[in-house]
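What follows is one structure encoded as structure tokens, with my remarks underneath.
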Amino acid sequence: MENPNCQLAWTTLAGIGMVESHHGTYRGAMIARNGDVTPPIRGVQLDGTAGTLRIPDTDKGKLDGDPLMDRAMGPMQFIPETWGHFGVDANNDGVVSPDNFDDAALSAAGLLCWYGKDLSTPRGWMTALKAYNNSEQYA
């Protein structure tokens, strides 16, 4: 999967990975050689409290383990619905996993490029980051 017009710099993905999960090591998680992150990283329940959006369950708990509300998942912290749209099998193991860093990073690139179009422009970069996390402070 390649999009040469997007102009996504590796530093943008690295920045998101650091903010979201300390590069997959949040709370002592480890990254295996194949990119799998264990234990799985899960965010707080997105129930509308403590400054979070309220996002009722979109996957019956299948991906995020929560049948009531959605939670961000994996090293790049995708919510299940977004993962359903952008999740890809980057390491060609036959599994599209939000808990695999290769899959998550390439999926994040796809999301950023889809929304930002050309990330070499300030407008494209901000549009992409705000699609990832709708926050000026985040960007």
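Letters A, B, ... go to the chains of the structure tokens in the order shown; residues in each chain start at 1; ligands are counted from 1 in the same order.
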Might you pull out every residue within 7 Å of Gly43 of chain A, with only C-alpha atoms counted and same-chain residues fewer than 2 positions away left off, and present them as a ChimeraX atom specification?
/A:41,45,71-73
List every residue of segment 33-138 of chain A that DSSP, applied to the backbone of this structure, places in helix (DSSP H, G or I), and write the result as number ranges by chain.
A: 80-86, 101-116, 122-132
Residue nearest Tyr115 of chain A - candidates A:Tyr138, A:Tyr26, A:Phe86, A:Trp10, atoms counted: only C-alpha atoms:
A:Phe86
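Each of A:Leu46, A:Val96, A:Ala139, A:Met30 was checked against Gly15 of chain A using only C-alpha atoms; the smallest atom-to-atom distance is that of A:Ala139.
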Would you pick out the contacts of Gly17 of chain A at 6 Å or less, using only C-alpha atoms, so that residues sharing its chain but fewer than 4 positions from it are not included, and give the list as a JSON list (two decimals) with N, CA and C atoms, in the first residue's frame?
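Written output follows (result39.json):
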[["chain", "number", "residue", "atom", "x", "y", "z"],
["A", 21, "SER", "N", 0.82, 5.57, 23.09],
["A", 21, "SER", "CA", 1.16, 4.36, 23.86],
["A", 21, "SER", "C", 2.63, 4.25, 24.24],
["A", 23, "HIS", "N", 5.09, 4.28, 22.28],
["A", 23, "HIS", "CA", 5.59, 3.35, 21.26],
["A", 23, "HIS", "C", 5.31, 1.89, 21.62],
["A", 76, "MET", "N", -1.56, 2.28, 18.54],
["A", 76, "MET", "CA", -1.94, 3.53, 17.87],
["A", 76, "MET", "C", -3.33, 3.99, 18.30]]
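Non-sequential neighbours of His85 of chain A (distance at most 9 Å, separation of 4 or more positions within a chain, only C-alpha atoms) are Pro80, Glu81 and Leu111 of chain A.
Interatomic distance, atom CA of Asp57 of chain A against atom CA of Ile79 of chain A: 9.7 Å.
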DSSP on the backbone: which residues in chain A end up as strand (DSSP E)? Give the answer as an MDAnalysis selection string.
chainID A and resid 30:31 37:38
Requested write-out: C-alpha atoms of the selected residues, as a PDB file, in the first residue's frame:
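The resulting file, selection-v4.pdb, is shown below:
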ATOM      1  CA  MET A  30       6.187  -5.481  25.164  1.00  0.00           C
ATOM      2  CA  ILE A  31       6.539  -5.700  21.383  1.00  0.00           C
ATOM      3  CA  VAL A  37       1.999  -5.940  21.536  1.00  0.00           C
ATOM      4  CA  THR A  38       1.294  -7.798  24.807  1.00  0.00           C
TER       5      THR A  38
END
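For the choices A:Asp70, A:Pro98, A:Thr127, A:Asn3, the atom-to-atom distance to Arg54 of chain A is smallest for A:Asp70 when using only C-alpha atoms.
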From A:Leu106, A:Leu63, A:Val19, A:Val44, residue lying nearest Gln137 of chain A [only C-alpha atoms]:
A:Val19
What lies within 12 Å of Glu136 of chain A using only C-alpha atoms, ignoring chain neighbours under 6 positions off, as an MDAnalysis selection string?
chainID A and resid 125:130
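Of the residues under consideration (A:Thr82, A:Arg42, A:Gly48, A:Gly110), A:Arg42 shows the shortest atom-to-atom contact distance to Asp66 of chain A when counting only C-alpha atoms.
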Which of A:Asp59, A:Gly124, A:Gly116, A:Gly35 sits closest to Asn92 of chain A [using only C-alpha atoms]
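The closest residue to Asn92 of chain A is A:Gly35.
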Here atom CA of Ala29 of chain A and atom CA of Pro56 of chain A stand apart by 26.5 Å
Which residues are near Pro4 of chain A? Cut-off 12 Å, only C-alpha atoms, ignore same chain within fewer than 3 positions. Put them as a PyMOL selection string.
chain A and resi 1+7-9+109-110+113+117-120
